[in-house]
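Peer 1: What follows is run.tsv; its format and atoms are TSV, C-alpha atoms.
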chain	number	residue	atom	x	y	z
A	1	MET	CA	84.63	-16.06	23.66
A	2	ASN	CA	84.61	-18.52	26.47
A	3	GLN	CA	87.99	-19.85	25.48
A	4	LYS	CA	89.82	-16.72	26.45
A	5	SER	CA	88.02	-16.24	29.76
A	6	LYS	CA	90.02	-16.43	32.95
A	7	ILE	CA	91.10	-19.73	34.36
A	8	THR	CA	88.65	-21.15	36.86
A	9	THR	CA	89.47	-23.63	39.59
A	10	GLN	CA	87.74	-26.29	37.59
A	11	LYS	CA	89.86	-25.55	34.57
A	12	LEU	CA	92.99	-25.53	36.68
A	13	THR	CA	92.14	-28.90	38.20
A	14	ARG	CA	91.42	-30.34	34.83
A	15	LEU	CA	94.64	-28.89	33.46
A	16	ALA	CA	96.58	-30.63	36.24
A	17	LEU	CA	94.89	-33.94	35.48
A	18	LEU	CA	95.58	-33.56	31.77
A	19	ALA	CA	99.22	-32.67	32.39
A	20	SER	CA	99.76	-35.81	34.43
A	21	ALA	CA	97.84	-37.89	31.89
A	22	SER	CA	100.03	-36.60	29.08
A	23	VAL	CA	103.23	-37.34	30.99
A	24	VAL	CA	102.06	-40.88	31.78
A	25	LEU	CA	100.97	-41.45	28.17
A	26	GLY	CA	104.33	-40.22	26.97
A	27	TYR	CA	106.05	-42.65	29.32
A	28	ILE	CA	103.89	-45.60	28.23
A	29	GLU	CA	104.57	-44.68	24.63
A	30	GLY	CA	108.30	-44.81	25.35
A	31	LEU	CA	107.86	-48.33	26.69
A	32	ILE	CA	105.90	-49.41	23.61
A	33	CYS	CA	108.39	-47.85	21.20
A	34	ALA	CA	111.30	-49.53	23.00
A	35	LEU	CA	109.84	-52.89	21.91
A	36	MET	CA	110.32	-52.20	18.21
A	37	PRO	CA	113.37	-50.73	16.51
A	38	LEU	CA	111.69	-47.82	14.75
A	39	PRO	CA	113.71	-45.15	12.98
A	40	PRO	CA	114.38	-42.19	15.29
A	41	GLY	CA	111.64	-39.64	15.69
A	42	ILE	CA	108.77	-41.96	14.78
A	43	LYS	CA	106.31	-41.94	17.63
A	44	LEU	CA	102.68	-42.80	18.26
A	45	GLY	CA	101.98	-39.40	19.77
A	46	LEU	CA	99.55	-40.71	22.38
A	47	ALA	CA	99.94	-37.53	24.40
A	48	ASN	CA	98.57	-35.63	21.43
A	49	THR	CA	95.07	-36.89	22.30
A	50	VAL	CA	95.39	-35.01	25.58
A	51	VAL	CA	96.48	-31.82	23.83
A	52	LEU	CA	93.57	-32.20	21.40
A	53	TYR	CA	91.16	-32.63	24.29
A	54	SER	CA	92.58	-29.51	25.88
A	55	ILE	CA	92.34	-27.44	22.68
A	56	TYR	CA	88.72	-28.43	22.17
A	57	THR	CA	87.49	-28.13	25.75
A	58	LEU	CA	89.79	-25.86	27.77
A	59	GLY	CA	90.93	-23.29	25.22
A	60	ILE	CA	94.15	-21.66	24.18
A	61	ALA	CA	95.63	-20.49	27.49
A	62	CYS	CA	95.25	-23.87	29.16
A	63	SER	CA	96.65	-25.69	26.13
A	64	ILE	CA	99.78	-23.55	26.18
A	65	MET	CA	100.28	-24.27	29.88
A	66	LEU	CA	99.60	-27.94	29.28
A	67	ILE	CA	102.36	-28.39	26.73
A	68	ILE	CA	104.85	-26.41	28.83
A	69	LEU	CA	104.03	-28.60	31.85
A	70	LYS	CA	104.27	-31.74	29.76
A	71	VAL	CA	107.64	-30.90	28.25
A	72	VAL	CA	109.16	-29.70	31.55
A	73	LEU	CA	107.86	-32.66	33.57
A	74	THR	CA	108.99	-35.15	30.93
A	75	GLY	CA	112.36	-33.43	30.89
A	76	PHE	CA	112.71	-33.87	34.66
A	77	MET	CA	111.64	-37.50	34.45
A	78	SER	CA	114.17	-38.37	31.79
A	79	GLY	CA	116.86	-36.33	33.55
A	80	ASN	CA	117.71	-34.61	30.31
A	81	LEU	CA	117.07	-30.90	30.32
A	82	ALA	CA	119.47	-29.99	27.54
A	83	ALA	CA	119.22	-31.20	23.96
A	84	ALA	CA	116.20	-33.49	24.27
A	85	PHE	CA	114.33	-30.80	26.16
A	86	LEU	CA	114.78	-28.16	23.45
A	87	TYR	CA	113.92	-30.76	20.88
A	88	SER	CA	110.60	-31.74	22.42
A	89	MET	CA	109.78	-28.11	23.24
A	90	GLY	CA	110.32	-27.17	19.59
A	91	GLY	CA	108.02	-29.94	18.45
A	92	ALA	CA	105.32	-29.27	21.03
A	93	VAL	CA	105.22	-25.49	20.49
A	94	LEU	CA	105.11	-25.64	16.69
A	95	SER	CA	102.53	-28.41	16.81
A	96	LEU	CA	100.26	-26.45	19.14
A	97	ILE	CA	100.53	-23.26	17.07
A	98	ALA	CA	99.68	-25.18	13.89
A	99	MET	CA	96.73	-26.96	15.50
A	100	LEU	CA	95.29	-23.75	16.98
A	101	LEU	CA	95.64	-21.97	13.64
A	102	VAL	CA	93.94	-24.75	11.69
A	103	LYS	CA	91.18	-25.19	14.25
A	104	ASN	CA	90.39	-21.50	14.56
A	105	LEU	CA	90.84	-20.45	10.94
A	106	SER	CA	89.03	-23.35	9.31
A	107	ARG	CA	85.64	-22.52	10.83
A	108	ASP	CA	84.55	-26.12	11.34
A	109	GLN	CA	85.57	-27.16	7.84
A	110	VAL	CA	88.35	-29.26	9.30
A	111	SER	CA	87.49	-31.85	11.93
A	112	ILE	CA	89.58	-32.94	14.88
A	113	VAL	CA	91.23	-35.59	12.68
A	114	GLY	CA	92.62	-32.97	10.31
A	115	VAL	CA	93.75	-30.82	13.24
A	116	SER	CA	95.48	-33.84	14.73
A	117	VAL	CA	97.29	-34.68	11.48
A	118	VAL	CA	98.50	-31.09	11.15
A	119	GLY	CA	99.67	-31.22	14.76
A	120	ALA	CA	101.55	-34.48	14.24
A	121	VAL	CA	103.28	-33.27	11.08
A	122	PHE	CA	104.32	-29.97	12.64
A	123	HIS	CA	105.49	-31.72	15.78
A	124	ASN	CA	108.01	-33.52	13.61
A	125	VAL	CA	108.84	-30.40	11.61
A	126	GLY	CA	109.58	-28.56	14.87
A	127	GLN	CA	111.73	-31.38	16.19
A	128	ILE	CA	113.76	-31.63	12.98
A	129	LEU	CA	114.20	-27.85	12.89
A	130	VAL	CA	115.58	-27.84	16.44
A	131	ALA	CA	117.73	-30.90	15.73
A	132	SER	CA	119.18	-29.28	12.59
A	133	LEU	CA	119.90	-26.11	14.54
A	134	LEU	CA	121.49	-27.96	17.46
A	135	LEU	CA	123.67	-30.08	15.20
A	136	GLN	CA	124.13	-27.25	12.68
A	137	THR	CA	123.44	-29.63	9.83
A	138	PRO	CA	120.70	-28.23	7.59
A	139	GLY	CA	121.12	-31.36	5.45
A	140	LEU	CA	119.14	-33.21	8.08
A	141	MET	CA	115.93	-31.52	6.96
A	142	PHE	CA	115.41	-34.26	4.35
A	143	TYR	CA	114.31	-36.49	7.22
A	144	VAL	CA	111.11	-34.42	7.50
A	145	PHE	CA	109.71	-36.34	4.53
A	146	VAL	CA	110.26	-39.71	6.20
A	147	LEU	CA	108.60	-38.49	9.39
A	148	MET	CA	105.74	-36.87	7.48
A	149	ILE	CA	104.47	-40.24	6.29
A	150	SER	CA	104.46	-41.69	9.79
A	151	ALA	CA	102.96	-38.48	11.19
A	152	VAL	CA	99.99	-38.65	8.81
A	153	ILE	CA	99.25	-42.21	9.97
A	154	THR	CA	99.72	-41.64	13.70
A	155	GLY	CA	98.03	-38.24	13.49
A	156	THR	CA	94.91	-39.80	11.99
A	157	LEU	CA	94.87	-42.47	14.69
A	158	THR	CA	95.32	-40.02	17.59
A	159	GLY	CA	92.75	-37.72	15.99
A	160	LEU	CA	90.17	-40.52	15.94
A	161	ALA	CA	91.12	-41.41	19.52
A	162	GLY	CA	90.83	-37.76	20.57
A	163	LYS	CA	87.38	-37.57	18.99
A	164	GLN	CA	86.20	-40.49	21.10
A	165	VAL	CA	87.80	-39.07	24.26
A	166	ILE	CA	86.04	-35.74	23.78
A	167	ARG	CA	82.75	-37.44	22.97
A	168	THR	CA	82.97	-39.50	26.15
A	169	LEU	CA	84.36	-36.89	28.52
A	170	HIS	CA	83.04	-33.64	27.16
A	171	ILE	CA	81.17	-31.40	29.53
A	172	PRO	CA	78.66	-29.06	27.88
A	173	GLU	CA	79.60	-25.38	27.64
A	174	ASP	CA	76.88	-24.19	30.04
A	175	ASN	CA	78.01	-26.30	32.94
A	176	ARG	CA	81.59	-25.34	32.51
A	177	HIS	CA	81.63	-21.86	33.93
A	178	LYS	CA	78.51	-21.58	36.02
A	179	LYS	CA	78.18	-24.66	38.15
A	180	SER	CA	80.98	-27.09	38.59
A	181	LYS	CA	78.90	-30.14	38.12
A	182	PRO	CA	79.79	-33.84	38.33
A	183	SER	CA	82.09	-34.88	35.49
A	184	LEU	CA	85.22	-34.93	37.66
A	185	PRO	CA	84.78	-38.58	38.70
A	186	GLN	CA	84.63	-39.39	34.99
A	187	GLU	CA	87.96	-37.77	34.43
A	188	GLY	CA	89.42	-39.69	37.30
A	189	SER	CA	88.23	-42.96	35.83
A	190	LYS	CA	89.93	-42.07	32.55
A	191	GLN	CA	93.23	-42.29	34.32
B	1	MET	CA	86.30	-37.03	8.92
B	2	LYS	CA	85.41	-34.20	6.62
B	3	LYS	CA	86.38	-33.41	3.05
B	4	ARG	CA	89.03	-30.92	4.18
B	5	ASP	CA	90.61	-33.58	6.41
B	6	VAL	CA	91.09	-35.84	3.42
B	7	ILE	CA	92.60	-32.91	1.50
B	8	ILE	CA	95.03	-32.18	4.34
B	9	ILE	CA	96.09	-35.82	4.55
B	10	SER	CA	96.52	-36.10	0.77
B	11	VAL	CA	98.57	-32.90	0.59
B	12	PHE	CA	100.96	-34.07	3.31
B	13	LEU	CA	101.35	-37.50	1.71
B	14	ALA	CA	101.99	-35.90	-1.70
B	15	VAL	CA	104.58	-33.51	-0.22
B	16	ALA	CA	106.27	-36.42	1.56
B	17	ILE	CA	106.43	-38.63	-1.52
B	18	ILE	CA	107.63	-35.83	-3.81
B	19	GLY	CA	110.17	-34.86	-1.16
B	20	LEU	CA	111.50	-38.41	-0.83
B	21	ILE	CA	111.81	-38.74	-4.61
B	22	ALA	CA	113.61	-35.36	-4.76
B	23	VAL	CA	115.99	-36.45	-1.99
B	24	LYS	CA	116.84	-39.58	-3.99
B	25	LEU	CA	117.28	-37.67	-7.26
B	26	PHE	CA	119.41	-34.87	-5.86
B	27	ALA	CA	121.48	-36.95	-3.48
B	28	PRO	CA	125.21	-36.50	-4.02
B	29	VAL	CA	126.99	-39.44	-5.59
B	30	GLY	CA	130.62	-40.42	-5.20
B	31	ASN	CA	133.07	-42.63	-3.47
B	32	ILE	CA	132.79	-43.33	0.21
B	33	SER	CA	135.81	-44.41	2.15
B	34	TYR	CA	135.64	-42.27	5.26
B	35	ALA	CA	133.12	-41.46	7.95
B	36	ASP	CA	133.27	-38.13	9.74
B	37	ILE	CA	132.36	-37.98	13.41
B	38	TYR	CA	131.11	-34.65	14.69
B	39	VAL	CA	130.70	-33.72	18.34
B	40	ASP	CA	128.66	-30.62	19.11
B	41	SER	CA	128.83	-29.72	15.40
B	42	SER	CA	132.63	-29.62	15.14
B	43	LEU	CA	134.65	-32.36	13.46
B	44	TYR	CA	135.97	-34.80	16.04
B	45	LYS	CA	137.60	-37.42	13.85
B	46	SER	CA	137.55	-38.89	10.36
B	47	VAL	CA	137.76	-42.66	10.33
B	48	PRO	CA	138.54	-44.92	7.38
B	49	LEU	CA	135.93	-47.64	6.83
B	50	ASN	CA	138.50	-50.28	5.85
B	51	ASN	CA	140.10	-50.49	9.31
B	52	ASP	CA	138.18	-52.12	12.13
B	53	ALA	CA	138.25	-49.86	15.16
B	54	VAL	CA	136.32	-48.69	18.19
B	55	ILE	CA	136.29	-44.94	18.72
B	56	THR	CA	135.44	-43.77	22.21
B	57	ILE	CA	134.00	-40.28	22.39
B	58	ASP	CA	134.12	-39.17	26.01
B	59	GLN	CA	132.87	-35.63	26.42
B	60	GLY	CA	133.87	-35.58	30.07
B	61	ASP	CA	130.44	-34.78	31.48
B	62	GLY	CA	129.06	-38.30	31.53
B	63	LYS	CA	128.34	-38.31	27.81
B	64	ILE	CA	130.12	-41.24	26.23
B	65	ASN	CA	129.59	-42.77	22.80
B	66	TYR	CA	131.29	-45.78	21.30
B	67	VAL	CA	131.42	-45.77	17.51
B	68	GLU	CA	132.58	-49.02	15.97
B	69	VAL	CA	133.91	-49.78	12.49
B	70	LYS	CA	133.66	-53.41	11.53
B	71	ASP	CA	133.80	-55.17	8.13
B	72	GLY	CA	133.32	-51.90	6.25
B	73	SER	CA	130.28	-50.83	8.30
B	74	ILE	CA	130.12	-48.13	10.92
B	75	PHE	CA	127.64	-48.10	13.79
B	76	MET	CA	127.00	-46.78	17.28
B	77	ALA	CA	127.99	-49.71	19.49
B	78	ASP	CA	126.87	-48.08	22.73
B	79	SER	CA	125.94	-44.73	24.17
B	80	SER	CA	125.34	-43.12	27.53
B	81	CYS	CA	122.14	-41.47	26.29
B	82	ALA	CA	118.76	-42.48	27.63
B	83	ASP	CA	116.85	-43.36	24.48
B	84	HIS	CA	119.58	-45.31	22.62
B	85	LEU	CA	118.00	-44.32	19.30
B	86	CYS	CA	121.51	-43.93	17.94
B	87	VAL	CA	122.24	-47.60	18.68
B	88	THR	CA	119.01	-48.77	17.05
B	89	GLN	CA	119.88	-46.86	13.87
B	90	GLY	CA	122.04	-49.89	13.10
B	91	LYS	CA	124.92	-50.46	10.73
B	92	MET	CA	125.70	-48.04	7.94
B	93	ASN	CA	127.94	-48.74	4.96
B	94	PRO	CA	128.43	-47.49	1.39
B	95	GLN	CA	126.15	-50.24	0.07
B	96	ASN	CA	123.13	-49.81	2.34
B	97	TYR	CA	123.04	-46.10	3.17
B	98	GLU	CA	120.65	-45.14	0.37
B	99	SER	CA	117.93	-47.40	1.74
B	100	ARG	CA	118.35	-46.34	5.38
B	101	PRO	CA	115.74	-43.89	6.68
B	102	MET	CA	118.53	-41.65	7.98
B	103	ARG	CA	120.61	-42.25	4.82
B	104	ASN	CA	124.28	-41.41	5.46
B	105	TRP	CA	123.77	-40.27	9.05
B	106	ILE	CA	123.82	-41.80	12.49
B	107	ILE	CA	122.79	-39.27	15.08
B	108	CYS	CA	122.80	-39.29	18.85
B	109	LEU	CA	120.80	-36.18	19.58
B	110	PRO	CA	121.04	-36.13	23.41
B	111	ASN	CA	124.85	-36.27	23.21
B	112	LEU	CA	125.06	-34.18	20.02
B	113	VAL	CA	127.20	-36.81	18.29
B	114	THR	CA	126.86	-37.22	14.52
B	115	VAL	CA	128.40	-39.82	12.25
B	116	GLU	CA	128.28	-38.99	8.55
B	117	LEU	CA	129.46	-41.08	5.62
B	118	ARG	CA	131.55	-38.68	3.58
B	119	ILE	CA	130.50	-38.77	-0.08
B	120	GLU	CA	133.25	-37.32	-2.28
So that I can check it, write out the structure of this file as structure tokens.

Peer 2:
Amino acid sequence: MNQKSKITTQKLTRLALLASASVVLGYIEGLICALMPLPPGIKLGLANTVVLYSIYTLGIACSIMLIILKVVLTGFMSGNLAAAFLYSMGGAVLSLIAMLLVKNLSRDQVSIVGVSVVGAVFHNVGQILVASLLLQTPGLMFYVFVLMISAVITGTLTGLAGKQVIRTLHIPEDNRHKKSKPSLPQEGSKQ
Amino acid sequence: MKKRDVIIISVFLAVAIIGLIAVKLFAPVGNISYADIYVDSSLYKSVPLNNDAVITIDQGDGKINYVEVKDGSIFMADSSCADHLCVTQGKMNPQNYESRPMRNWIICLPNLVTVELRIE
């Protein structure tokens, strides 16, 4: 399938744009969340729209690179490459695996909203798993249920947002590998 | 949204609600008069809740947490971590812990500092 084909310059460029977009969205989200005293771990997951876009338009390889770039760059920006880094890596990796599984195994029975919700829930599951391991307190796993409720809500919202983003910015399959046609200015304007 | 999306959402919500009810039902009950502070998963100090105090946890590498006990409540007064989620977790005491999202825990994940109300 197209998805597993080698990475073209166009894909690489788009990947770079998406990586920076996800880092910026993550930063903006931090600013928004700082305004309200939410329980720890509850997040909007704005950057998830970028990962969704990547899964649906760039394929598996690029999505894996995207989340690695996002987590590493965010880690550098926050100056914390220890605990918080492992924690977000755990969430991002598990979330991506879950989303790819659901998307590819469901054969179009599950839309991007369902994929997004699964991603959001497993992002939290991954984070709690890493946190429990780091703190060696398995008792912390109960917190998954609190986060699951918020993840279903935010996952639905980011899924609907991702749907619109893909509808607006999607470039048809045929153009993607043969001729690198316009569409790049569009991506620029998204930023 | 498709039918399967609704199923996925409903399943997660059901799991979450059943899980939260189970957590409430199977939560240990008992007296609480101490809070245990763990640093990097080993016990750092047990503090009685009836004595007002400020405990400074300086890990020597720039990681500092200030845990305060005041009027029977324990809370993270300040922390060197970037997100300060531990500070926003607020006050915890034997009366309110069951309704807190984090129950009997206050956790500073970046600094690996944990405060747990000891239920015995």

Peer 1: Considering all atoms listed in the file, state which residue in the set A:Ala92, A:Leu38, A:Lys43, A:His123 is at the smallest distance from chain B.

Peer 2: A:Leu38

Peer 1: Counting all atoms listed in the file, which residues from chain A have an atom at most 10 Å from any atom of chain B, and could you show them as a PyMOL selection string?

Peer 2: chain A and resi 30+34+36-41+78-85+87+106+108-118+121+131-137+139-140+142-153+155-156+159-160

Peer 1: Can you measure CA of Lys45 in chain B to CA of Val130 in chain A for me? One decimal in Å is fine.

Peer 2: 24.2 Å

Peer 1: Would you compute, for all listed atoms of range 44-59 of chain B, the axis-aligned bounding box grown by 3 Å on each side, and then report its centre and edge lengths in Å rounded to one decimal, as AutoDock Vina command-line options?

Peer 2:
--center_x 136.5 --center_y -43.5 --center_z 16.1 --size_x 13.2 --size_y 23.3 --size_z 26.6

Peer 1: Which distance in Å separates CA of Leu44 in chain A and CA of Arg14 in chain A, to one decimal?

Peer 2: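 Interatomic distance here is 23.6 Å.
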
Peer 1: Would you mind reading off the distance between CA of Ala47 in chain A and CA of Gly75 in chain A, one decimal, in Å?

Peer 2: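 It comes out at 14.6 Å.
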
Peer 1: Given all atoms listed in the file as the basis, pick out the residue of B:Gln59, B:Asn51, B:Ser99, B:Asn31 nearest to Gly72 in chain B.

Peer 2: B:Asn51

Peer 1: Compare A:Ile32, A:Leu17, A:Val50, A:Leu96 by their minimum atom-to-atom distance to Ala161 in chain A, counting only C-alpha atoms, and give me the closest one.

Peer 2: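 Ranking A:Ile32, A:Leu17, A:Val50, A:Leu96 by distance to Ala161 in chain A, first place goes to A:Val50.
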
Peer 1: List the neighbours of Ser63 in chain A out to 9 Å using all atoms listed in the file; skip same-chain residues closer than 6 positions along the sequence, and give me the result as a list of chain:residue names.

Peer 2: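 Counting only the stated atoms, we get A:Leu15, A:Val51, A:Leu52, A:Ser54, A:Ile55, A:Leu96.
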
Peer 1: Determine the nearest neighbour of Phe76 in chain A from the options A:Gly119, A:Val23, A:Gly91, A:Val125, counting only C-alpha atoms.

Peer 2: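 Smallest distance to Phe76 in chain A is found for A:Val23.
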
Peer 1: Need to verify the contact set: Thr158 in chain A, 7 Å, only C-alpha atoms, exclusion of same-chain residues closer than 5 positions in sequence. Can you return it as an MDAnalysis selection string?

Peer 2: chainID A and resid 46 48:49 116
